[in-house]
file my_file.cif (mmCIF, C-alpha atoms and all ligand atoms)
data_target
loop_
_atom_site.label_atom_id
_atom_site.label_comp_id
_atom_site.auth_asym_id
_atom_site.auth_seq_id
_atom_site.Cartn_x
_atom_site.Cartn_y
_atom_site.Cartn_z
CA MET L 1 29.03 -3.90 -10.03
CA GLY L 2 25.38 -3.34 -10.71
CA LYS L 3 22.88 -1.43 -8.65
CA ILE L 4 19.48 -2.09 -7.09
CA PHE L 5 16.73 0.48 -7.42
CA ILE L 6 13.90 -0.31 -5.00
CA THR L 7 11.10 1.41 -6.80
CA GLY L 8 7.55 2.30 -5.80
CA ILE L 9 5.35 2.37 -8.89
CA GLY L 10 2.37 4.10 -7.26
CA PRO L 11 -1.17 2.79 -7.55
CA GLY L 12 -0.90 1.79 -11.20
CA SER L 13 -0.87 4.24 -14.06
CA ARG L 14 2.26 5.86 -15.43
CA GLU L 15 1.05 9.42 -14.79
CA HIS L 16 1.00 8.68 -11.08
CA MET L 17 4.65 7.58 -10.99
CA SER L 18 7.58 9.88 -10.33
CA ILE L 19 9.84 10.83 -13.24
CA ARG L 20 12.71 9.13 -11.42
CA ALA L 21 10.73 5.87 -11.16
CA CYS L 22 9.86 6.01 -14.89
CA GLU L 23 13.52 6.59 -15.82
CA VAL L 24 14.64 3.68 -13.68
CA ILE L 25 12.05 1.32 -15.14
CA GLU L 26 12.98 2.34 -18.68
CA ASN L 27 16.72 2.10 -18.16
CA SER L 28 17.27 -0.86 -15.81
CA ASP L 29 18.60 -4.07 -17.33
CA ILE L 30 15.90 -6.10 -15.57
CA ILE L 31 12.69 -5.50 -13.62
CA VAL L 32 12.02 -7.85 -10.69
CA GLY L 33 8.48 -8.00 -9.32
CA TYR L 34 5.23 -9.70 -8.47
CA THR L 35 3.26 -10.92 -11.50
CA THR L 36 0.39 -8.40 -11.13
CA TYR L 37 2.72 -5.39 -11.00
CA ILE L 38 4.77 -6.50 -13.97
CA LYS L 39 1.53 -6.81 -15.96
CA ILE L 40 0.51 -3.29 -14.90
CA LEU L 41 3.93 -1.91 -15.93
CA GLU L 42 3.79 -3.67 -19.29
CA LYS L 43 0.76 -1.55 -20.19
CA SER L 44 2.84 1.64 -20.09
CA PHE L 45 6.46 0.57 -20.59
CA LYS L 46 8.48 -1.59 -22.94
CA LEU L 47 10.39 -3.63 -20.37
CA LYS L 48 13.82 -4.93 -21.43
CA ASP L 49 13.81 -8.04 -19.28
CA VAL L 50 11.76 -9.27 -16.32
CA PHE L 51 12.02 -11.69 -13.42
CA VAL L 52 8.49 -12.45 -12.28
CA SER L 53 7.38 -14.37 -9.21
CA GLY L 54 4.14 -14.97 -7.33
CA MET L 55 2.72 -13.89 -4.00
CA ARG L 56 4.63 -14.87 -0.83
CA LYS L 57 7.85 -15.20 -2.86
CA GLU L 58 9.20 -11.89 -1.61
CA THR L 59 12.41 -13.30 -0.17
CA ASP L 60 13.21 -15.18 -3.41
CA ARG L 61 12.60 -12.02 -5.41
CA CYS L 62 14.99 -10.01 -3.25
CA ARG L 63 17.71 -12.69 -3.39
CA GLU L 64 17.33 -12.82 -7.17
CA ALA L 65 17.59 -9.02 -7.36
CA LEU L 66 20.79 -9.13 -5.31
CA ASN L 67 22.33 -11.90 -7.42
CA LEU L 68 21.50 -10.06 -10.62
CA ALA L 69 23.04 -6.84 -9.29
CA LEU L 70 26.16 -8.69 -8.10
CA SER L 71 26.53 -10.07 -11.63
CA GLY L 72 26.71 -6.50 -12.90
CA LYS L 73 23.13 -5.68 -13.84
CA THR L 74 21.09 -2.63 -12.90
CA VAL L 75 17.95 -4.01 -11.33
CA ALA L 76 14.62 -2.34 -10.57
CA LEU L 77 12.81 -4.20 -7.79
CA VAL L 78 9.25 -2.91 -7.95
CA SER L 79 6.44 -2.65 -5.37
CA SER L 80 3.02 -1.09 -5.81
CA GLY L 81 2.46 2.21 -4.08
CA ASP L 82 5.51 3.11 -2.02
CA SER L 83 8.12 0.38 -1.72
CA GLY L 84 8.80 1.35 1.89
CA ILE L 85 5.16 0.99 2.98
CA TYR L 86 4.27 -2.72 3.29
CA GLY L 87 6.51 -3.09 0.23
CA MET L 88 9.89 -4.61 -0.61
CA ALA L 89 12.30 -1.94 0.63
CA GLY L 90 12.86 -3.21 4.17
CA LEU L 91 13.29 -6.84 3.16
CA MET L 92 15.66 -5.97 0.31
CA LEU L 93 17.85 -3.84 2.60
CA GLN L 94 17.88 -6.63 5.22
CA ILE L 95 18.99 -9.16 2.59
CA VAL L 96 21.77 -6.87 1.35
CA GLU L 97 22.84 -6.45 4.98
CA GLU L 98 22.72 -10.21 5.67
CA ASN L 99 24.83 -10.83 2.58
CA GLY L 100 27.44 -8.31 3.77
CA SER L 101 27.37 -6.83 0.29
CA ASP L 102 28.37 -3.25 -0.52
CA ILE L 103 26.11 -3.17 -3.56
CA GLU L 104 24.63 0.27 -4.21
CA VAL L 105 20.93 0.56 -3.37
CA GLU L 106 18.59 3.48 -4.06
CA VAL L 107 15.02 3.64 -2.75
CA ILE L 108 12.61 5.58 -4.97
CA PRO L 109 9.33 6.67 -3.35
CA GLY L 110 5.89 6.14 -4.86
CA ILE L 111 2.35 7.31 -4.18
CA THR L 112 1.06 4.99 -1.47
CA SER L 113 -2.52 3.64 -1.51
CA SER L 114 -3.62 5.81 1.39
CA SER L 115 -2.73 9.01 -0.45
CA ALA L 116 -4.12 7.78 -3.81
CA SER L 117 -7.34 6.75 -2.03
CA ALA L 118 -7.52 9.95 0.00
CA ALA L 119 -7.30 12.01 -3.19
CA LEU L 120 -10.26 10.13 -4.68
CA LEU L 121 -12.32 10.59 -1.51
CA GLY L 122 -11.55 14.29 -0.92
CA ALA L 123 -9.27 15.16 2.00
CA PRO L 124 -9.79 12.56 4.74
CA ILE L 125 -6.21 12.44 6.04
CA MET L 126 -5.72 16.16 6.61
CA HIS L 127 -5.07 15.43 10.27
CA ASP L 128 -3.01 12.81 12.13
CA TYR L 129 -3.57 9.32 10.82
CA ALA L 130 -2.47 5.78 11.49
CA SER L 131 -1.85 3.23 8.79
CA ILE L 132 -2.65 -0.35 9.79
CA SER L 133 -2.43 -3.52 7.71
CA LEU L 134 -4.90 -6.25 8.67
CA SER L 135 -2.75 -8.98 7.11
CA ASP L 136 -1.84 -11.48 9.80
CA LEU L 137 0.66 -13.37 7.64
CA LEU L 138 3.60 -11.42 9.02
CA THR L 139 2.03 -9.72 12.06
CA GLU L 140 0.38 -11.28 15.11
CA HIS L 141 -3.40 -10.92 15.12
CA ASP L 142 -3.34 -9.58 18.71
CA LEU L 143 -0.85 -6.87 17.82
CA ILE L 144 -3.02 -5.74 14.91
CA ASN L 145 -6.02 -5.43 17.21
CA ARG L 146 -4.00 -3.58 19.85
CA ARG L 147 -2.89 -1.06 17.25
CA ILE L 148 -6.47 -0.60 16.00
CA GLU L 149 -7.56 -0.01 19.58
CA ALA L 150 -4.75 2.48 20.22
CA ALA L 151 -5.41 4.42 17.00
CA ALA L 152 -9.18 4.43 17.58
CA SER L 153 -8.89 5.57 21.18
CA ALA L 154 -6.47 8.38 20.26
CA ASP L 155 -8.88 9.62 17.55
CA PHE L 156 -6.51 9.04 14.64
CA VAL L 157 -7.94 8.79 11.13
CA ILE L 158 -7.24 5.13 10.29
CA CYS L 159 -6.07 3.91 6.87
CA ILE L 160 -6.59 0.17 6.58
CA TYR L 161 -4.44 -1.75 4.11
CA ASN L 162 -4.98 -5.46 3.27
CA PRO L 163 -8.51 -5.29 4.73
CA LYS L 164 -9.76 -8.70 3.67
CA SER L 165 -8.69 -11.66 1.57
CA ARG L 166 -10.55 -14.73 0.32
CA THR L 167 -9.47 -16.69 3.38
CA ARG L 168 -9.25 -13.87 5.95
CA VAL L 169 -12.60 -12.17 6.46
CA ALA L 170 -13.16 -11.96 10.22
CA GLY L 171 -10.38 -9.45 10.96
CA LEU L 172 -12.16 -6.55 9.32
CA ALA L 173 -15.39 -7.04 11.30
CA GLU L 174 -13.32 -7.30 14.48
CA ALA L 175 -11.43 -4.11 13.64
CA ARG L 176 -14.73 -2.30 13.00
CA ASP L 177 -16.10 -3.48 16.37
CA ILE L 178 -13.01 -2.14 18.13
CA ILE L 179 -13.30 1.22 16.38
CA LEU L 180 -17.03 1.39 17.25
CA LYS L 181 -16.12 1.31 20.95
CA HIS L 182 -14.57 4.75 20.45
CA ARG L 183 -16.47 6.30 17.51
CA SER L 184 -20.08 6.70 16.47
CA GLY L 185 -21.63 4.48 13.80
CA SER L 186 -22.14 7.54 11.59
CA THR L 187 -18.38 8.21 11.34
CA PRO L 188 -17.56 8.58 7.63
CA VAL L 189 -15.66 5.72 6.00
CA GLY L 190 -14.15 5.80 2.50
CA ILE L 191 -13.73 2.56 0.58
CA VAL L 192 -11.48 2.72 -2.46
CA LYS L 193 -10.88 -0.20 -4.76
CA ASP L 194 -8.27 -0.24 -7.53
CA ALA L 195 -7.37 3.43 -7.17
CA MET L 196 -6.03 4.82 -10.45
CA ARG L 197 -6.34 1.45 -12.16
CA ASP L 198 -8.92 -0.18 -14.42
CA GLY L 199 -12.12 -0.79 -12.47
CA GLU L 200 -11.47 2.00 -9.93
CA SER L 201 -14.26 2.71 -7.45
CA ALA L 202 -14.56 5.03 -4.46
CA VAL L 203 -17.51 4.93 -2.08
CA ILE L 204 -18.22 7.01 1.01
CA THR L 205 -20.26 5.26 3.67
CA ASP L 206 -20.07 5.06 7.48
CA LEU L 207 -18.94 2.66 10.20
CA ASP L 208 -22.45 1.18 10.58
CA ASN L 209 -22.68 0.30 6.87
CA MET L 210 -19.11 -0.28 5.73
CA LEU L 211 -19.33 -4.07 5.73
CA ASN L 212 -22.17 -3.99 3.18
CA HIS L 213 -19.75 -2.89 0.46
CA GLU L 214 -17.41 -4.90 -1.72
CA ILE L 215 -14.02 -5.05 -0.01
CA ASP L 216 -11.06 -7.15 -1.13
CA MET L 217 -7.28 -7.18 -1.33
CA THR L 218 -7.09 -4.26 -3.75
CA THR L 219 -9.17 -2.07 -1.43
CA THR L 220 -8.00 0.60 0.99
CA ILE L 221 -10.37 1.79 3.71
CA ILE L 222 -10.11 5.19 5.38
CA VAL L 223 -12.03 5.62 8.63
CA GLY L 224 -12.53 9.24 9.62
CA ASN L 225 -11.86 10.66 13.08
CA SER L 226 -14.53 12.17 15.34
CA GLU L 227 -14.51 15.41 13.31
CA THR L 228 -14.51 14.02 9.77
CA PHE L 229 -17.57 14.99 7.73
CA VAL L 230 -18.93 14.57 4.21
CA SER L 231 -19.80 17.55 2.05
CA ARG L 232 -20.75 17.52 -1.66
CA GLY L 233 -19.62 13.92 -1.94
CA LYS L 234 -16.19 14.61 -0.46
CA MET L 235 -14.84 13.32 2.84
CA ILE L 236 -13.10 16.08 4.79
CA THR L 237 -11.14 15.91 8.04
CA PRO L 238 -10.82 19.50 9.29
CA ARG L 239 -7.55 20.82 10.66
CA GLY L 240 -8.59 23.66 12.87
CA TYR L 241 -8.45 26.55 10.40
CA GLY L 242 -11.49 27.91 12.20
CA LEU L 243 -13.84 28.24 9.18
N1 LIG L 301 3.22 -0.74 -0.97
C1 LIG L 301 1.80 -0.59 -1.17
C2 LIG L 301 0.97 -1.40 -0.20
C3 LIG L 301 1.10 -2.89 -0.39
S1 LIG L 301 0.05 -3.78 0.69
C4 LIG L 301 1.43 0.89 -1.06
O1 LIG L 301 2.26 1.71 -0.66
O2 LIG L 301 0.31 1.24 -1.41
C5 LIG L 301 -1.29 -4.13 -0.40
C6 LIG L 301 -2.52 -3.31 -0.04
O3 LIG L 301 -2.41 -2.00 -0.59
C7 LIG L 301 -3.81 -3.84 -0.61
O4 LIG L 301 -4.36 -4.90 0.15
C8 LIG L 301 -4.70 -2.61 -0.56
O5 LIG L 301 -5.13 -2.35 0.77
C9 LIG L 301 -3.68 -1.53 -0.93
N2 LIG L 301 -3.71 -1.23 -2.38
C10 LIG L 301 -2.77 -1.56 -3.28
N3 LIG L 301 -3.09 -1.06 -4.49
C11 LIG L 301 -4.27 -0.39 -4.34
C12 LIG L 301 -5.11 0.35 -5.22
N4 LIG L 301 -4.78 0.53 -6.51
N5 LIG L 301 -6.25 0.89 -4.71
C13 LIG L 301 -6.58 0.75 -3.41
N6 LIG L 301 -5.80 0.08 -2.53
C14 LIG L 301 -4.67 -0.49 -2.99
#
call {"tool": "encode", "arguments": {"input": "my_file.cif", "output": "structure tokens", "more": "lines below"}}
Ligand code: SAH
result
Amino acid sequence: MGKIFITGIGPGSREHMSIRACEVIENSDIIVGYTTYIKILEKSFKLKDVFVSGMRKETDRCREALNLALSGKTVALVSSGDSGIYGMAGLMLQIVEENGSDIEVEVIPGITSSSASAALLGAPIMHDYASISLSDLLTEHDLINRRIEAAASADFVICIYNPKSRTRVAGLAEARDIILKHRSGSTPVGIVKDAMRDGESAVITDLDNMLNHEIDMTTTIIVGNSETFVSRGKMITPRGYGL
């Protein structure tokens, strides 16, 4: 029997992947993934074989990975960032479960967008934070807003994934309005696009001005808590060391 490695490839470049993830990508019989990520991997690795599919084909990709593994292949199913954070890990494990298969599965962690983005901004998630995806494809719009409200009212730093797409633009403005009920307009906000990839940019702005910046589906936004400040171009959330 084969094996499935559910592998996070980090934000993009090879130097930001774990050694285990690199080994798995080099040695697996086939890499299964979304077109964009396969293209990113091809820049740094010579891939033996690939199964590529487009967006919203996640279930097909996982079923293909399982079939390939059942036919005896070692398969690396890749996600950007960490595969267990809005990635493929949960779905793949559910499909293995549904199939009643005893195929071996290993989940390999990767650097998630919030930590890659935080590193570029300084140290904005030094204290408790909430990670919220604004994508309403798989999550009810109301639930997203309730979670934004809860995180904002409890003074969590908020990392926003999937902030805005070509067809979904209103959610981000709504989220900002909810946060503004609990935080001042001068609260620092970091906007990171394409972290550790070609075209990377990191901007520090504030809640009042965040919507004036370019934000798309390869952007992560980090909204500071009531104590976050900016010093020498770095966003810092203090943690009570008493300096
Ligand atoms: N599993 C991924 C998240 C997938 S959801 C992870 O752990 O990072 C997709 C969202 O991740 C994007 O909409 C964007 O918010 C964020 N993202 C992915 N790659 C990014 C990058 N290189 N820079 C900034 N944000 C990124």
call {"tool": "closest_residue", "arguments": {"input": "my_file.cif", "among": "L:Glu104, L:Asp49, L:Asp216, L:Asp142", "to": "ligand LIG 301 (chain L)", "atoms": "all atoms listed in the file"}}
result
L:Asp216
call {"tool": "closest_atom_pairs", "arguments": {"input": "my_file.cif", "of": "chain L", "to": "ligand LIG 301 (chain L)", "cutoff": "10 Å", "atoms": "all atoms listed in the file", "output": "JSON lines"}}
result
{"residue": "L:Gly8", "atom": "CA", "partner": "L:LIG301", "partner_atom": "N1", "distance": 7.2}
{"residue": "L:Ile9", "atom": "CA", "partner": "L:LIG301", "partner_atom": "N1", "distance": 8.8}
{"residue": "L:Gly10", "atom": "CA", "partner": "L:LIG301", "partner_atom": "O2", "distance": 6.8}
{"residue": "L:Pro11", "atom": "CA", "partner": "L:LIG301", "partner_atom": "N4", "distance": 4.4}
{"residue": "L:Gly12", "atom": "CA", "partner": "L:LIG301", "partner_atom": "N4", "distance": 6.2}
{"residue": "L:Ser13", "atom": "CA", "partner": "L:LIG301", "partner_atom": "N4", "distance": 9.3}
{"residue": "L:Tyr37", "atom": "CA", "partner": "L:LIG301", "partner_atom": "N3", "distance": 9.7}
{"residue": "L:Val78", "atom": "CA", "partner": "L:LIG301", "partner_atom": "N1", "distance": 9.5}
{"residue": "L:Ser79", "atom": "CA", "partner": "L:LIG301", "partner_atom": "N1", "distance": 5.8}
{"residue": "L:Ser80", "atom": "CA", "partner": "L:LIG301", "partner_atom": "C1", "distance": 4.8}
{"residue": "L:Gly81", "atom": "CA", "partner": "L:LIG301", "partner_atom": "C4", "distance": 3.5}
{"residue": "L:Asp82", "atom": "CA", "partner": "L:LIG301", "partner_atom": "O1", "distance": 3.8}
{"residue": "L:Ser83", "atom": "CA", "partner": "L:LIG301", "partner_atom": "N1", "distance": 5.1}
{"residue": "L:Gly84", "atom": "CA", "partner": "L:LIG301", "partner_atom": "N1", "distance": 6.6}
{"residue": "L:Ile85", "atom": "CA", "partner": "L:LIG301", "partner_atom": "O1", "distance": 4.7}
{"residue": "L:Tyr86", "atom": "CA", "partner": "L:LIG301", "partner_atom": "N1", "distance": 4.8}
{"residue": "L:Gly87", "atom": "CA", "partner": "L:LIG301", "partner_atom": "N1", "distance": 4.2}
{"residue": "L:Met88", "atom": "CA", "partner": "L:LIG301", "partner_atom": "N1", "distance": 7.7}
{"residue": "L:Ala89", "atom": "CA", "partner": "L:LIG301", "partner_atom": "N1", "distance": 9.3}
{"residue": "L:Pro109", "atom": "CA", "partner": "L:LIG301", "partner_atom": "O1", "distance": 9.0}
{"residue": "L:Gly110", "atom": "CA", "partner": "L:LIG301", "partner_atom": "O1", "distance": 7.1}
{"residue": "L:Ile111", "atom": "CA", "partner": "L:LIG301", "partner_atom": "O1", "distance": 6.6}
{"residue": "L:Thr112", "atom": "CA", "partner": "L:LIG301", "partner_atom": "O1", "distance": 3.6}
{"residue": "L:Ser113", "atom": "CA", "partner": "L:LIG301", "partner_atom": "O2", "distance": 3.7}
{"residue": "L:Ser114", "atom": "CA", "partner": "L:LIG301", "partner_atom": "O2", "distance": 6.6}
{"residue": "L:Ser115", "atom": "CA", "partner": "L:LIG301", "partner_atom": "O2", "distance": 8.4}
{"residue": "L:Ala116", "atom": "CA", "partner": "L:LIG301", "partner_atom": "N5", "distance": 7.3}
{"residue": "L:Ser117", "atom": "CA", "partner": "L:LIG301", "partner_atom": "C13", "distance": 6.2}
{"residue": "L:Ala118", "atom": "CA", "partner": "L:LIG301", "partner_atom": "C13", "distance": 9.9}
{"residue": "L:Ile132", "atom": "CA", "partner": "L:LIG301", "partner_atom": "O5", "distance": 9.6}
{"residue": "L:Ser133", "atom": "CA", "partner": "L:LIG301", "partner_atom": "S1", "distance": 7.4}
{"residue": "L:Leu134", "atom": "CA", "partner": "L:LIG301", "partner_atom": "O4", "distance": 8.6}
{"residue": "L:Ser135", "atom": "CA", "partner": "L:LIG301", "partner_atom": "O4", "distance": 8.2}
{"residue": "L:Cys159", "atom": "CA", "partner": "L:LIG301", "partner_atom": "O5", "distance": 8.8}
{"residue": "L:Ile160", "atom": "CA", "partner": "L:LIG301", "partner_atom": "O5", "distance": 6.5}
{"residue": "L:Tyr161", "atom": "CA", "partner": "L:LIG301", "partner_atom": "O5", "distance": 3.5}
{"residue": "L:Asn162", "atom": "CA", "partner": "L:LIG301", "partner_atom": "O4", "distance": 3.2}
{"residue": "L:Pro163", "atom": "CA", "partner": "L:LIG301", "partner_atom": "O5", "distance": 6.0}
{"residue": "L:Lys164", "atom": "CA", "partner": "L:LIG301", "partner_atom": "O4", "distance": 7.5}
{"residue": "L:Ser165", "atom": "CA", "partner": "L:LIG301", "partner_atom": "O4", "distance": 8.2}
{"residue": "L:Ile191", "atom": "CA", "partner": "L:LIG301", "partner_atom": "C13", "distance": 8.4}
{"residue": "L:Val192", "atom": "CA", "partner": "L:LIG301", "partner_atom": "C13", "distance": 5.4}
{"residue": "L:Lys193", "atom": "CA", "partner": "L:LIG301", "partner_atom": "C13", "distance": 4.6}
{"residue": "L:Asp194", "atom": "CA", "partner": "L:LIG301", "partner_atom": "N5", "distance": 3.6}
{"residue": "L:Ala195", "atom": "CA", "partner": "L:LIG301", "partner_atom": "N5", "distance": 3.7}
{"residue": "L:Met196", "atom": "CA", "partner": "L:LIG301", "partner_atom": "N4", "distance": 6.0}
{"residue": "L:Arg197", "atom": "CA", "partner": "L:LIG301", "partner_atom": "N4", "distance": 5.9}
{"residue": "L:Asp198", "atom": "CA", "partner": "L:LIG301", "partner_atom": "N4", "distance": 9.0}
{"residue": "L:Gly199", "atom": "CA", "partner": "L:LIG301", "partner_atom": "N4", "distance": 9.5}
{"residue": "L:Glu200", "atom": "CA", "partner": "L:LIG301", "partner_atom": "N5", "distance": 7.5}
{"residue": "L:Ser201", "atom": "CA", "partner": "L:LIG301", "partner_atom": "N5", "distance": 8.7}
{"residue": "L:Ala202", "atom": "CA", "partner": "L:LIG301", "partner_atom": "C13", "distance": 9.1}
{"residue": "L:Ile215", "atom": "CA", "partner": "L:LIG301", "partner_atom": "O5", "distance": 9.3}
{"residue": "L:Asp216", "atom": "CA", "partner": "L:LIG301", "partner_atom": "O4", "distance": 7.2}
{"residue": "L:Met217", "atom": "CA", "partner": "L:LIG301", "partner_atom": "O4", "distance": 4.0}
{"residue": "L:Thr218", "atom": "CA", "partner": "L:LIG301", "partner_atom": "C8", "distance": 4.3}
{"residue": "L:Thr219", "atom": "CA", "partner": "L:LIG301", "partner_atom": "N6", "distance": 4.1}
{"residue": "L:Thr220", "atom": "CA", "partner": "L:LIG301", "partner_atom": "O5", "distance": 4.1}
{"residue": "L:Ile221", "atom": "CA", "partner": "L:LIG301", "partner_atom": "O5", "distance": 7.3}
call {"tool": "closest_residue", "arguments": {"input": "my_file.cif", "among": "L:Ala65, L:Leu138, L:Ala175, L:Leu121", "to": "Thr205 (chain L)", "atoms": "only C-alpha atoms"}}
result
L:Leu121
call {"tool": "atom_distance", "arguments": {"input": "my_file.cif", "atom1": "CA of Ile103 (chain L)", "atom2": "CA of Ile31 (chain L)"}}
result
16.9 Å
call {"tool": "atom_distance", "arguments": {"input": "my_file.cif", "atom1": "CA of Arg63 (chain L)", "atom2": "CA of Leu143 (chain L)"}}
result
28.8 Å
call {"tool": "residues_near_point", "arguments": {"input": "my_file.cif", "point": "(15.0, 3.0, -8.4)", "cutoff": "12 Å", "atoms": "all atoms listed in the file", "output": "VMD selection string"}}
result
chain L and resid 3 to 9 17 to 32 74 to 79 82 to 83 89 104 to 110
call {"tool": "write_last_selection", "arguments": {"input": "my_file.cif", "atoms": "C-alpha atoms", "output": "short mmCIF file (atom, residue, chain, number, x, y, z; two decimals), in the frame of the given file"}}
result
data_model
loop_
_atom_site.label_atom_id
_atom_site.label_comp_id
_atom_site.auth_asym_id
_atom_site.auth_seq_id
_atom_site.Cartn_x
_atom_site.Cartn_y
_atom_site.Cartn_z
CA LYS L 3 22.88 -1.43 -8.65
CA ILE L 4 19.48 -2.09 -7.09
CA PHE L 5 16.73 0.48 -7.42
CA ILE L 6 13.90 -0.31 -5.00
CA THR L 7 11.10 1.41 -6.80
CA GLY L 8 7.55 2.30 -5.80
CA ILE L 9 5.35 2.37 -8.89
CA MET L 17 4.65 7.58 -10.99
CA SER L 18 7.58 9.88 -10.33
CA ILE L 19 9.84 10.83 -13.24
CA ARG L 20 12.71 9.13 -11.42
CA ALA L 21 10.73 5.87 -11.16
CA CYS L 22 9.86 6.01 -14.89
CA GLU L 23 13.52 6.59 -15.82
CA VAL L 24 14.64 3.68 -13.68
CA ILE L 25 12.05 1.32 -15.14
CA GLU L 26 12.98 2.34 -18.68
CA ASN L 27 16.72 2.10 -18.16
CA SER L 28 17.27 -0.86 -15.81
CA ASP L 29 18.60 -4.07 -17.33
CA ILE L 30 15.90 -6.10 -15.57
CA ILE L 31 12.69 -5.50 -13.62
CA VAL L 32 12.02 -7.85 -10.69
CA THR L 74 21.09 -2.63 -12.90
CA VAL L 75 17.95 -4.01 -11.33
CA ALA L 76 14.62 -2.34 -10.57
CA LEU L 77 12.81 -4.20 -7.79
CA VAL L 78 9.25 -2.91 -7.95
CA SER L 79 6.44 -2.65 -5.37
CA ASP L 82 5.51 3.11 -2.02
CA SER L 83 8.12 0.38 -1.72
CA ALA L 89 12.30 -1.94 0.63
CA GLU L 104 24.63 0.27 -4.21
CA VAL L 105 20.93 0.56 -3.37
CA GLU L 106 18.59 3.48 -4.06
CA VAL L 107 15.02 3.64 -2.75
CA ILE L 108 12.61 5.58 -4.97
CA PRO L 109 9.33 6.67 -3.35
CA GLY L 110 5.89 6.14 -4.86
#
call {"tool": "atom_distance", "arguments": {"input": "my_file.cif", "atom1": "CA of Ser71 (chain L)", "atom2": "CA of Arg56 (chain L)"}}
result
24.9 Å
call {"tool": "residues_around", "arguments": {"input": "my_file.cif", "residues": "Asn99 (chain L)", "least_positions_apart": "3", "cutoff": "12 Å", "atoms": "only C-alpha atoms", "output": "PyMOL selection string"}}
result
chain L and resi 62-63+66-67+70+92-96+102-103
call {"tool": "decode", "arguments": {"input": "my_file.cif", "residues": "region 82-118 of chain L", "atoms": "C-alpha atoms", "output": "compact mmCIF listing (two decimals), in the first residue's frame"}}
result
# COMPACT_ATOMS: atom_id res chain seq x y z
CA ASP L 82 -0.08 24.91 6.75
CA SER L 83 -2.27 22.15 5.35
CA GLY L 84 -4.31 22.06 8.56
CA ILE L 85 -5.19 25.79 8.45
CA TYR L 86 -7.87 26.39 5.79
CA GLY L 87 -5.97 23.72 3.84
CA MET L 88 -6.53 20.14 2.70
CA ALA L 89 -5.76 18.16 5.86
CA GLY L 90 -9.25 18.00 7.36
CA LEU L 91 -10.97 17.13 4.09
CA MET L 92 -8.40 14.46 3.22
CA LEU L 93 -8.75 12.80 6.63
CA GLN L 94 -12.56 12.90 6.32
CA ILE L 95 -12.38 11.22 2.90
CA VAL L 96 -10.05 8.50 4.20
CA GLU L 97 -12.50 7.98 7.07
CA GLU L 98 -15.53 7.89 4.76
CA ASN L 99 -13.77 5.32 2.59
CA GLY L 100 -13.07 3.12 5.64
CA SER L 101 -9.50 2.83 4.41
CA ASP L 102 -6.55 2.04 6.66
CA ILE L 103 -4.14 3.84 4.36
CA GLU L 104 -1.28 5.51 6.22
CA VAL L 105 -1.53 9.30 6.41
CA GLU L 106 1.06 11.76 7.73
CA VAL L 107 0.37 15.48 8.15
CA ILE L 108 3.42 17.71 7.73
CA PRO L 109 3.12 21.27 9.08
CA GLY L 110 4.04 24.40 7.16
CA ILE L 111 4.48 28.09 7.91
CA THR L 112 0.99 29.55 7.80
CA SER L 113 0.27 32.95 6.21
CA SER L 114 -0.35 34.63 9.55
CA SER L 115 3.12 33.77 10.83
CA ALA L 116 4.83 34.56 7.49
CA SER L 117 2.98 37.90 7.40
CA ALA L 118 3.64 38.64 11.06
